[in-house]
Every structure is written in C-alpha cells, then in structure tokens.
file work_1.cif (mmCIF, C-alpha atoms)
data_work
#
loop_
_atom_site.label_atom_id
_atom_site.label_comp_id
_atom_site.auth_asym_id
_atom_site.auth_seq_id
_atom_site.Cartn_x
_atom_site.Cartn_y
_atom_site.Cartn_z
CA MET A 1 -27.70 16.33 46.53
CA LYS A 2 -24.59 14.97 48.21
CA VAL A 3 -23.53 11.61 46.83
CA LYS A 4 -21.56 9.21 49.01
CA SER A 5 -18.61 7.28 47.61
CA ILE A 6 -18.45 3.49 47.80
CA HIS A 7 -15.76 2.65 50.32
CA ALA A 8 -15.35 -1.00 49.26
CA LEU A 9 -14.96 0.02 45.61
CA ALA A 10 -12.35 2.62 46.55
CA ARG A 11 -10.34 -0.02 48.42
CA GLY A 12 -10.57 -2.39 45.46
CA ILE A 13 -9.25 0.31 43.15
CA GLU A 14 -6.44 1.03 45.61
CA VAL A 15 -5.40 -2.64 45.56
CA LEU A 16 -5.50 -2.74 41.77
CA GLN A 17 -3.39 0.41 41.53
CA LEU A 18 -0.81 -1.06 43.90
CA LEU A 19 -0.58 -4.20 41.77
CA GLN A 20 -0.29 -2.22 38.55
CA GLY A 21 2.44 -0.04 40.02
CA SER A 22 4.55 -2.93 41.28
CA GLY A 23 3.80 -5.74 38.84
CA ALA A 24 3.29 -8.36 41.54
CA LEU A 25 2.69 -8.32 45.33
CA SER A 26 2.12 -10.92 48.01
CA LEU A 27 -0.79 -10.70 50.40
CA ALA A 28 1.61 -9.53 53.10
CA ASP A 29 2.98 -6.81 50.81
CA LEU A 30 -0.50 -5.60 49.97
CA HIS A 31 -1.42 -5.50 53.67
CA ARG A 32 1.73 -3.55 54.51
CA LEU A 33 1.29 -1.03 51.68
CA SER A 34 -2.45 -0.51 51.96
CA GLY A 35 -3.15 -1.04 55.64
CA ILE A 36 -6.22 -3.04 54.63
CA PRO A 37 -6.87 -6.09 56.88
CA LYS A 38 -5.84 -9.36 55.27
CA ALA A 39 -9.36 -10.81 55.50
CA SER A 40 -10.71 -7.80 53.57
CA LEU A 41 -7.84 -8.05 51.08
CA LEU A 42 -8.70 -11.67 50.37
CA ARG A 43 -12.30 -10.72 49.59
CA ILE A 44 -11.13 -7.89 47.33
CA LEU A 45 -8.63 -10.12 45.53
CA LYS A 46 -11.24 -12.86 45.07
CA THR A 47 -13.58 -10.30 43.47
CA LEU A 48 -10.82 -8.99 41.19
CA LEU A 49 -9.83 -12.55 40.29
CA GLU A 50 -13.39 -13.46 39.34
CA SER A 51 -13.57 -10.29 37.24
CA GLY A 52 -10.47 -11.36 35.31
CA VAL A 53 -8.34 -8.33 36.16
CA VAL A 54 -5.83 -10.09 38.46
CA TRP A 55 -4.41 -13.58 38.80
CA GLN A 56 -2.34 -15.44 41.39
CA ARG A 57 1.07 -16.78 40.47
CA LEU A 58 1.70 -20.43 41.40
CA ALA A 59 5.43 -20.09 42.08
CA ASP A 60 5.16 -17.67 45.02
CA GLU A 61 1.40 -17.03 45.34
CA ALA A 62 1.94 -13.37 44.47
CA TRP A 63 -0.95 -11.42 42.99
CA VAL A 64 -0.42 -10.03 39.47
CA PRO A 65 -2.50 -7.65 37.30
CA SER A 66 -3.94 -9.30 34.20
CA TYR A 67 -2.36 -8.60 30.82
CA SER A 68 -5.88 -7.79 29.60
CA LEU A 69 -5.74 -4.50 31.51
CA ALA A 70 -2.59 -3.43 29.68
CA GLU A 71 -4.05 -4.58 26.38
CA LEU A 72 -7.28 -2.68 27.01
CA ALA A 73 -5.38 0.45 28.00
CA GLY A 74 -3.21 0.15 24.90
CA ARG A 75 -6.21 -0.28 22.63
CA MET A 76 -8.01 2.66 24.17
CA GLY A 77 -4.88 4.79 23.80
CA ARG A 78 -4.55 3.90 20.13
CA GLU A 79 -8.21 4.62 19.47
CA ASN A 80 -8.10 7.93 21.34
CA GLN A 81 -5.10 8.91 19.22
CA LEU A 82 -7.00 7.97 16.06
CA VAL A 83 -10.03 10.03 17.10
CA GLU A 84 -7.85 13.01 18.02
CA VAL A 85 -6.15 13.20 14.63
CA ALA A 86 -9.27 12.26 12.65
CA SER A 87 -11.77 14.66 14.22
CA PRO A 88 -10.46 17.80 12.47
CA VAL A 89 -10.47 15.92 9.17
CA LEU A 90 -14.08 14.84 9.72
CA ALA A 91 -15.00 18.44 10.56
CA GLN A 92 -13.47 19.64 7.29
CA LEU A 93 -15.20 16.84 5.39
CA THR A 94 -18.51 18.03 6.82
CA LYS A 95 -17.99 21.46 5.25
CA GLU A 96 -17.14 19.96 1.87
CA ILE A 97 -19.85 17.34 1.37
CA GLU A 98 -22.56 18.06 3.99
CA TRP A 99 -23.41 14.35 4.26
CA PRO A 100 -22.53 12.69 7.60
CA SER A 101 -19.59 10.38 8.18
CA VAL A 102 -18.32 8.14 10.96
CA LEU A 103 -15.02 6.70 12.12
CA ALA A 104 -15.19 3.00 12.96
CA VAL A 105 -12.70 0.47 14.34
CA PRO A 106 -12.68 -3.35 14.25
CA ARG A 107 -13.90 -5.50 17.13
CA LEU A 108 -13.20 -8.91 15.52
CA THR A 109 -16.84 -9.77 14.73
CA HIS A 110 -18.07 -6.24 13.99
CA MET A 111 -17.04 -2.63 13.54
CA ALA A 112 -17.64 -0.12 16.33
CA VAL A 113 -18.35 3.59 15.84
CA ILE A 114 -15.88 5.78 17.79
CA GLU A 115 -16.50 9.21 16.22
CA THR A 116 -19.10 10.91 14.02
CA ASN A 117 -19.73 14.34 12.52
CA SER A 118 -23.45 13.68 11.97
CA GLY A 119 -24.48 16.38 14.43
CA ARG A 120 -22.69 19.03 12.38
CA THR A 121 -23.88 18.13 8.90
CA TYR A 122 -26.48 19.87 6.78
CA PHE A 123 -28.43 16.62 6.54
CA ASP A 124 -28.75 16.29 10.32
CA ASN A 125 -31.80 14.05 9.99
CA ILE A 126 -29.37 11.21 9.26
CA ALA A 127 -28.26 10.45 12.80
CA LEU A 128 -25.32 8.05 12.80
CA GLY A 129 -23.84 6.20 15.72
CA PRO A 130 -24.17 6.36 18.64
CA LEU A 131 -20.61 5.86 19.84
CA GLY A 132 -20.03 2.15 20.35
CA PHE A 133 -22.72 1.23 17.80
CA GLU A 134 -22.03 -2.22 16.32
CA VAL A 135 -21.79 -2.37 12.52
CA ASN A 136 -22.02 -5.60 10.54
CA MET A 137 -18.62 -6.72 9.26
CA LEU A 138 -19.44 -8.33 5.88
CA ARG A 139 -22.59 -6.44 4.86
CA SER A 140 -21.75 -2.83 5.75
CA ALA A 141 -19.50 -0.50 3.78
CA SER A 142 -17.22 0.07 6.78
CA GLY A 143 -16.83 -3.62 7.53
CA ARG A 144 -16.15 -4.53 3.92
CA ALA A 145 -13.50 -1.80 3.67
CA PHE A 146 -11.74 -3.14 6.74
CA VAL A 147 -11.88 -6.86 5.89
CA SER A 148 -10.74 -6.28 2.31
CA PHE A 149 -7.65 -4.23 3.13
CA CYS A 150 -6.45 -5.41 6.56
CA GLU A 151 -3.52 -7.79 7.02
CA ALA A 152 -4.14 -11.38 5.91
CA PRO A 153 -3.78 -12.96 9.39
CA VAL A 154 -6.25 -10.44 10.83
CA ARG A 155 -8.68 -11.10 7.97
CA GLU A 156 -8.58 -14.83 8.53
CA ALA A 157 -9.14 -14.40 12.28
CA VAL A 158 -12.14 -12.17 11.57
CA LEU A 159 -13.62 -14.55 9.01
CA GLU A 160 -13.11 -17.56 11.25
CA SER A 161 -14.86 -15.79 14.13
CA LEU A 162 -17.73 -14.82 11.83
CA ARG A 163 -18.03 -18.38 10.53
CA ARG A 164 -18.41 -19.59 14.13
CA SER A 165 -20.96 -16.91 15.00
CA ASP A 166 -24.61 -17.84 15.48
CA ARG A 167 -25.90 -14.32 14.66
CA PRO A 168 -28.08 -14.27 11.54
CA GLY A 169 -26.23 -11.23 10.22
CA ASN A 170 -22.97 -13.19 10.08
CA ARG A 171 -24.21 -16.23 8.15
CA LEU A 172 -22.78 -15.02 4.83
CA ALA A 173 -19.28 -15.67 6.22
CA GLN A 174 -19.98 -19.36 5.74
CA SER A 175 -20.16 -18.85 1.96
CA ALA A 176 -16.63 -18.87 0.56
CA ALA A 177 -17.94 -17.71 -2.83
CA TYR A 178 -19.72 -14.71 -1.29
CA VAL A 179 -16.65 -13.66 0.70
CA ALA A 180 -14.32 -14.06 -2.27
CA GLN A 181 -16.56 -12.00 -4.55
CA MET A 182 -16.99 -9.29 -1.91
CA LEU A 183 -13.23 -9.04 -1.38
CA ALA A 184 -12.51 -8.87 -5.11
CA GLU A 185 -15.15 -6.21 -5.79
CA THR A 186 -14.10 -4.04 -2.83
CA ARG A 187 -10.41 -4.19 -3.67
CA ALA A 188 -11.12 -3.33 -7.29
CA LEU A 189 -13.03 -0.22 -6.19
CA GLY A 190 -10.59 0.79 -3.45
CA PHE A 191 -13.46 1.25 -0.99
CA GLY A 192 -16.40 -0.66 0.45
CA LEU A 193 -20.08 -0.40 -0.48
CA ARG A 194 -23.08 -1.79 1.35
CA ASP A 195 -24.36 -5.22 0.39
CA PRO A 196 -27.44 -4.66 -1.83
CA ASP A 197 -29.62 -6.35 0.80
CA PHE A 198 -28.18 -4.39 3.75
CA GLY A 199 -30.54 -1.76 5.15
CA GLY A 200 -28.57 -0.80 8.25
CA ASN A 201 -29.84 -3.53 10.58
CA PHE A 202 -27.13 -5.92 11.81
CA ASP A 203 -29.14 -9.12 11.33
CA GLU A 204 -32.12 -8.38 9.08
CA GLY A 205 -32.29 -7.78 5.34
CA ARG A 206 -33.83 -4.77 3.60
CA ALA A 207 -37.22 -6.44 3.28
CA VAL A 208 -37.52 -6.36 7.08
CA ALA A 209 -35.40 -3.31 8.04
CA ASP A 210 -34.43 -0.54 5.62
CA ASP A 211 -33.09 2.83 6.76
CA GLY A 212 -33.34 4.23 3.23
CA ARG A 213 -29.63 4.98 3.13
CA ASP A 214 -26.49 3.92 1.32
CA SER A 215 -22.86 4.18 2.37
CA LEU A 216 -19.28 3.85 1.25
CA GLY A 217 -16.39 2.99 3.54
CA VAL A 218 -12.71 3.78 3.05
CA PRO A 219 -9.84 2.07 4.88
CA ILE A 220 -7.45 4.19 6.91
CA ARG A 221 -4.15 2.56 6.02
CA LEU A 222 -0.83 2.55 7.82
CA GLY A 223 1.14 0.44 5.39
CA HIS A 224 -0.51 -2.98 5.58
CA HIS A 225 -2.22 -2.15 8.89
CA VAL A 226 -5.78 -0.80 8.93
CA PRO A 227 -6.63 0.76 12.33
CA GLY A 228 -10.08 1.87 11.20
CA THR A 229 -12.35 3.07 8.44
CA LEU A 230 -14.02 6.30 7.35
CA ASN A 231 -17.65 5.99 6.24
CA ILE A 232 -19.93 8.43 4.41
CA THR A 233 -23.70 7.87 4.40
CA TRP A 234 -26.37 9.42 2.19
CA THR A 235 -30.09 9.02 1.47
CA ARG A 236 -30.92 6.84 -1.53
CA ARG A 237 -33.88 8.94 -2.61
CA VAL A 238 -31.61 12.00 -2.88
CA LEU A 239 -28.51 10.40 -4.42
CA LYS A 240 -28.28 7.34 -6.63
CA ARG A 241 -25.29 5.14 -5.88
CA GLU A 242 -23.39 5.92 -9.09
CA LYS A 243 -23.70 9.68 -8.60
CA ALA A 244 -22.82 9.39 -4.91
CA ILE A 245 -19.67 7.41 -5.68
CA ALA A 246 -18.51 9.97 -8.24
CA LEU A 247 -19.20 12.83 -5.83
CA LEU A 248 -18.13 11.37 -2.49
CA ALA A 249 -15.54 8.64 -3.05
CA PRO A 250 -12.65 10.98 -4.03
CA LYS A 251 -13.23 13.14 -0.95
CA ALA A 252 -13.52 10.10 1.32
CA LEU A 253 -10.30 8.62 -0.04
CA ALA A 254 -8.49 11.95 0.35
CA SER A 255 -9.76 12.33 3.92
CA ALA A 256 -8.67 8.81 4.86
CA ALA A 257 -5.22 9.50 3.39
CA GLU A 258 -4.99 12.72 5.42
CA ILE A 259 -5.95 10.87 8.61
CA SER A 260 -3.25 8.30 7.87
CA ARG A 261 -0.68 11.05 7.30
CA ARG A 262 -1.56 12.78 10.57
CA LEU A 263 -1.60 9.50 12.48
CA ILE A 264 1.86 8.53 11.23
CA SER A 265 3.17 12.01 12.04
CA ALA A 266 1.78 11.77 15.58
CA GLN A 267 3.29 8.33 16.12
CA ILE A 268 6.71 9.49 14.89
CA SER A 269 6.65 12.60 17.08
CA GLN A 270 5.71 10.51 20.13
CA GLY A 271 8.45 7.98 19.44
CA GLU A 272 6.04 5.12 18.78
CA ILE A 273 7.61 4.56 15.34
CA THR A 274 10.75 5.95 13.74
CA THR A 275 9.85 5.75 10.05
CA PRO A 276 6.57 5.69 8.09
CA PRO A 277 5.23 2.14 7.58
CA ASP A 278 5.63 0.59 4.15
#

call {"tool": "encode", "arguments": {"input": "work_1.cif", "output": "structure tokens"}}
result
Amino acid sequence: MKVKSIHALARGIEVLQLLQGSGALSLADLHRLSGIPKASLLRILKTLLESGVVWQRLADEAWVPSYSLAELAGRMGRENQLVEVASPVLAQLTKEIEWPSVLAVPRLTHMAVIETNSGRTYFDNIALGPLGFEVNMLRSASGRAFVSFCEAPVREAVLESLRRSDRPGNRLAQSAAYVAQMLAETRALGFGLRDPDFGGNFDEGRAVADDGRDSLGVPIRLGHHVPGTLNITWTRRVLKREKAIALLAPKALASAAEISRRLISAQISQGEITTPPD
C-alpha cells in the first residue's frame, strides 16, 4: 500500500530546520529561503509557537527555535550514549546471573526504563520494561539508588517535586523521617532495595498489587553525577532477599562501575570531558 506524505507537516519541519540552522529568522527571511507564502508561514509559525518549539523575539520580531529543543536533543544524546556503552555490560551480566536487569534514568518525579536484557535471560518469564516504563522514585530500588547518590541540588529538586505531586505513590515524600531513613539505609548499603510495601505498582501497595518480585538498584556514578541506575530483579519465591543480595549485589556493583568506566572513556575520546570526574 502506497502511503502519502503530509505536505503541511513537511513544510512545518522545513521551517523548523531553517530556524535551527540559522538561530533566528524574520518572516521575510523565512519566505525568501523557503518559498512558502507568508500567509502559510504565519499559520505554521503559530502552530509551532503553540507547541512550544519556537518563540518570537520582541526586539526585532524574529522567530527563534526554543531552547527546549536543544535541551531535548542533548538529553537524548546523553541517554543514547549511556545505552550504547551499557548494553554490552548488560549482555555480559545476563550470562553471569541469568536474572533480568534494566537501565533506568531520572525524569524528576520518576525513573524511566531505557534499556533491558530481560528478553535474553534464563528467567524470561520476568518481563521488565517496556522502554519508557515509569518507575516510582522513592519506593523502587532504582529510584532509591538514584535519589540517595545523586548531587544534593538534584536530590532536593526531586524531593520538592515529589512533595508537590498528587499521585498516591509519591505521598511518602511528605514524610521527612521516611526520606531520611531511606537515604541513610541506602547509602549504608551502597545500593537501593525496594520498599517492603512496594510490589511493582507505581501507586498501590503490595496488598493491592504484588508482582512477586524483589529488586536491587545500583547507581552509575560519574564522580558526584549519577546519569542512571542499573537494576536487577528476581522472584521472591526463588530467592530470599538476603541470599539475593549476597549473590547479585557484587555483580551489579561491578557492572555499574564498568558502565561508568566505559562512559567516561567515551566522553574523553569524544572531547566532551578532558579528565575523569572526581
């Protein structure tokens, strides 16, 4: 079946590309460069403005691409780099432990899954993910590992956002005692464990939703910066927590350290940094 392209969308993309390439253009400049009638350009620009991807400068009425586009592109580039260097490590981890693991990154009020080896593990009945899956920040092993070891300003921004959240799964952020105890316990261990009442559901407790699993999460550390976490999940009926920690925590910590080493090496070779972070 032959699929037709959307002409109006193509013209909108063309306008956005022109703005990104130049930094700022007037309506007349856009008309000259694109050949699109000014009336059509105004409709395109109004749509892009309402979508938050362009804005109009007051000083000269030039149209400018939003900083959010550059920020999004930068974030996606950093995450793609993390996945690229981490994937071989996750593949090797699969061979060593057979239990599935995921790579997750922070999204301010939750963690998001960006890679998983669950399809290659021996215990393939434990499907993790999918990509983009939202993981609770204070109750999951991954979230606890991130919050406990990230930079202090980032931690405070996360906690403040969680305190303002109206999601039931984020209510524990309003308890300073709970947060302090969670941070202390996680830092003492060097990795995160699920809250005892967390059964995998973002908002509900184990009495309502229980996946029968347990997890530990390890921070991937670049000095004081934590770009993401490595998580290993197992079935509670097969492995008790104490035995799982003894068996899996050393391998998870070693894998996270290897991901960090590869990530730093990649950033140095690409000129993003000149020396390893402290």

call {"tool": "closest_residue", "arguments": {"input": "work_1.cif", "among": "A:Pro65, A:Phe146, A:Val15, A:Leu239", "to": "A:Gly35", "atoms": "only C-alpha atoms"}}
result
A:Val15

call {"tool": "residues_near_point", "arguments": {"input": "work_1.cif", "point": "(-19.3, 12.9, 11.2)", "cutoff": "7 Å", "atoms": "all atoms listed in the file", "output": "ChimeraX atom specification"}}
result
/A:90,94,100-102,115-118

call {"tool": "residues_around", "arguments": {"input": "work_1.cif", "residues": "stretch 211-214 of chain A", "least_positions_apart": "3", "cutoff": "9 Å", "atoms": "all atoms listed in the file", "output": "PyMOL selection string"}}
result
chain A and resi 126+141+193-194+198-201+206+232-237+239-241

call {"tool": "resolve_selection", "arguments": {"input": "work_1.cif", "expression": "the PyMOL selection byres ((chain A and resi 220) around 6)", "output": "VMD selection string"}}
result
chain A and resid 219 221 226 228 to 229 256 260

call {"tool": "resolve_selection", "arguments": {"input": "work_1.cif", "expression": "the PyMOL selection byres ((chain A and resi 18) around 12)", "output": "JSON list (two decimals) with C-alpha atoms, in the coordinates of the input"}}
result
[["chain", "number", "residue", "atom", "x", "y", "z"],
["A", 11, "ARG", "CA", -10.34, -0.02, 48.42],
["A", 12, "GLY", "CA", -10.57, -2.39, 45.46],
["A", 13, "ILE", "CA", -9.25, 0.31, 43.15],
["A", 14, "GLU", "CA", -6.44, 1.03, 45.61],
["A", 15, "VAL", "CA", -5.40, -2.64, 45.56],
["A", 16, "LEU", "CA", -5.50, -2.74, 41.77],
["A", 17, "GLN", "CA", -3.39, 0.41, 41.53],
["A", 19, "LEU", "CA", -0.58, -4.20, 41.77],
["A", 20, "GLN", "CA", -0.29, -2.22, 38.55],
["A", 21, "GLY", "CA", 2.44, -0.04, 40.02],
["A", 22, "SER", "CA", 4.55, -2.93, 41.28],
["A", 23, "GLY", "CA", 3.80, -5.74, 38.84],
["A", 24, "ALA", "CA", 3.29, -8.36, 41.54],
["A", 25, "LEU", "CA", 2.69, -8.32, 45.33],
["A", 26, "SER", "CA", 2.12, -10.92, 48.01],
["A", 27, "LEU", "CA", -0.79, -10.70, 50.40],
["A", 29, "ASP", "CA", 2.98, -6.81, 50.81],
["A", 30, "LEU", "CA", -0.50, -5.60, 49.97],
["A", 31, "HIS", "CA", -1.42, -5.50, 53.67],
["A", 32, "ARG", "CA", 1.73, -3.55, 54.51],
["A", 33, "LEU", "CA", 1.29, -1.03, 51.68],
["A", 34, "SER", "CA", -2.45, -0.51, 51.96],
["A", 35, "GLY", "CA", -3.15, -1.04, 55.64],
["A", 54, "VAL", "CA", -5.83, -10.09, 38.46],
["A", 63, "TRP", "CA", -0.95, -11.42, 42.99],
["A", 64, "VAL", "CA", -0.42, -10.03, 39.47],
["A", 65, "PRO", "CA", -2.50, -7.65, 37.30]]

call {"tool": "atom_distance", "arguments": {"input": "work_1.cif", "atom1": "atom CA of A:Gly190", "atom2": "atom CA of A:Gly217"}}
result
9.3 Å

call {"tool": "atom_distance", "arguments": {"input": "work_1.cif", "atom1": "atom CA of A:Ala91", "atom2": "atom CA of A:Arg261"}}
result
16.4 Å

call {"tool": "residues_near_point", "arguments": {"input": "work_1.cif", "point": "(-12.0, -10.2, 7.8)", "cutoff": "6 Å", "atoms": "all atoms listed in the file", "output": "ChimeraX atom specification"}}
result
/A:147,155-156,158-159

call {"tool": "atom_distance", "arguments": {"input": "work_1.cif", "atom1": "atom CA of A:Ile264", "atom2": "atom CA of A:Val83"}}
result
13.3 Å

call {"tool": "closest_residue", "arguments": {"input": "work_1.cif", "among": "A:Leu189, A:Ala112, A:Ala152, A:Val89", "to": "A:Glu134", "atoms": "only C-alpha atoms"}}
result
A:Ala112

call {"tool": "resolve_selection", "arguments": {"input": "work_1.cif", "expression": "the PyMOL selection byres ((chain A and resi 174) around 12)", "output": "list in words"}}
result
Leu138, Leu159, Glu160, Ser161, Leu162, Arg163, Arg164, Ser165, Asp166, Arg167, Pro168, Gly169, Asn170, Arg171, Leu172, Ala173, Ser175, Ala176, Ala177, Tyr178, Val179 and Ala180 of chain A

call {"tool": "closest_residue", "arguments": {"input": "work_1.cif", "among": "A:His7, A:Gly205, A:Thr47, A:Pro106", "to": "A:Ala157", "atoms": "all atoms listed in the file"}}
result
A:Pro106

call {"tool": "axis_aligned_box", "arguments": {"input": "work_1.cif", "around": "stretch 249-262 of chain A", "padding_each_side": "4 Å", "output": "lines of an AutoDock Vina configuration file"}}
result
center_x = -8.1
center_y = 10.7
center_z = 3.3
size_x = 22.9
size_y = 12.8
size_z = 22.6

call {"tool": "closest_residue", "arguments": {"input": "work_1.cif", "among": "A:Leu230, A:Ala207, A:Ile36, A:Val238", "to": "A:Val105", "atoms": "only C-alpha atoms"}}
result
A:Leu230

call {"tool": "residues_around", "arguments": {"input": "work_1.cif", "residues": "A:Ser265", "least_positions_apart": "2", "cutoff": "12 Å", "atoms": "only C-alpha atoms", "output": "VMD selection string"}}
result
chain A and resid 81 to 82 85 222 258 to 263 267 to 277

call {"tool": "closest_residue", "arguments": {"input": "work_1.cif", "among": "A:Glu96, A:Leu253, A:Leu41, A:Arg139", "to": "A:Asp197", "atoms": "only C-alpha atoms"}}
result
A:Arg139

call {"tool": "decode", "arguments": {"input": "work_1.cif", "residues": "stretch 181-200 of chain A", "atoms": "N, CA and C atoms", "output": "mmCIF file, in the first residue's frame"}}
result
data_model
loop_
_atom_site.group_PDB
_atom_site.id
_atom_site.type_symbol
_atom_site.label_atom_id
_atom_site.label_comp_id
_atom_site.auth_asym_id
_atom_site.auth_seq_id
_atom_site.Cartn_x
_atom_site.Cartn_y
_atom_site.Cartn_z
ATOM 1 N N GLN A 181 15.394 8.196 56.649
ATOM 2 C CA GLN A 181 15.738 6.797 56.938
ATOM 3 C C GLN A 181 16.083 6.038 55.658
ATOM 4 N N MET A 182 15.314 6.270 54.598
ATOM 5 C CA MET A 182 15.579 5.611 53.324
ATOM 6 C C MET A 182 16.951 5.986 52.783
ATOM 7 N N LEU A 183 17.298 7.272 52.850
ATOM 8 C CA LEU A 183 18.594 7.730 52.370
ATOM 9 C C LEU A 183 19.733 7.109 53.178
ATOM 10 N N ALA A 184 19.575 7.086 54.489
ATOM 11 C CA ALA A 184 20.626 6.539 55.353
ATOM 12 C C ALA A 184 20.837 5.048 55.087
ATOM 13 N N GLU A 185 19.745 4.304 54.996
ATOM 14 C CA GLU A 185 19.850 2.860 54.772
ATOM 15 C C GLU A 185 20.460 2.552 53.406
ATOM 16 N N THR A 186 20.056 3.277 52.381
ATOM 17 C CA THR A 186 20.556 3.026 51.032
ATOM 18 C C THR A 186 22.037 3.365 50.924
ATOM 19 N N ARG A 187 22.424 4.475 51.506
ATOM 20 C CA ARG A 187 23.847 4.853 51.453
ATOM 21 C C ARG A 187 24.709 3.879 52.226
ATOM 22 N N ALA A 188 24.195 3.375 53.335
ATOM 23 C CA ALA A 188 24.963 2.405 54.122
ATOM 24 C C ALA A 188 25.191 1.118 53.328
ATOM 25 N N LEU A 189 24.200 0.714 52.552
ATOM 26 C CA LEU A 189 24.317 -0.499 51.741
ATOM 27 C C LEU A 189 25.182 -0.278 50.502
ATOM 28 N N GLY A 190 25.077 0.919 49.921
ATOM 29 C CA GLY A 190 25.762 1.203 48.658
ATOM 30 C C GLY A 190 24.888 0.916 47.456
ATOM 31 N N PHE A 191 23.635 0.521 47.688
ATOM 32 C CA PHE A 191 22.685 0.239 46.619
ATOM 33 C C PHE A 191 21.270 0.343 47.174
ATOM 34 N N GLY A 192 20.294 0.423 46.295
ATOM 35 C CA GLY A 192 18.913 0.563 46.711
ATOM 36 C C GLY A 192 18.167 -0.758 46.722
ATOM 37 N N LEU A 193 17.238 -0.893 47.651
ATOM 38 C CA LEU A 193 16.331 -2.043 47.713
ATOM 39 C C LEU A 193 14.895 -1.534 47.690
ATOM 40 N N ARG A 194 13.992 -2.365 47.216
ATOM 41 C CA ARG A 194 12.584 -1.977 47.212
ATOM 42 C C ARG A 194 12.073 -1.689 48.623
ATOM 43 N N ASP A 195 11.154 -0.739 48.717
ATOM 44 C CA ASP A 195 10.409 -0.559 49.959
ATOM 45 C C ASP A 195 9.672 -1.864 50.250
ATOM 46 N N PRO A 196 9.600 -2.284 51.508
ATOM 47 C CA PRO A 196 8.928 -3.554 51.841
ATOM 48 C C PRO A 196 7.488 -3.640 51.351
ATOM 49 N N ASP A 197 6.825 -2.499 51.178
ATOM 50 C CA ASP A 197 5.431 -2.499 50.730
ATOM 51 C C ASP A 197 5.291 -2.279 49.228
ATOM 52 N N PHE A 198 6.427 -2.235 48.497
ATOM 53 C CA PHE A 198 6.381 -1.972 47.060
ATOM 54 C C PHE A 198 6.312 -3.284 46.288
ATOM 55 N N GLY A 199 5.235 -3.441 45.515
ATOM 56 C CA GLY A 199 5.055 -4.657 44.724
ATOM 57 C C GLY A 199 5.137 -4.422 43.236
ATOM 58 N N GLY A 200 5.768 -3.318 42.834
ATOM 59 C CA GLY A 200 5.954 -3.037 41.417
ATOM 60 C C GLY A 200 4.989 -2.035 40.839
#
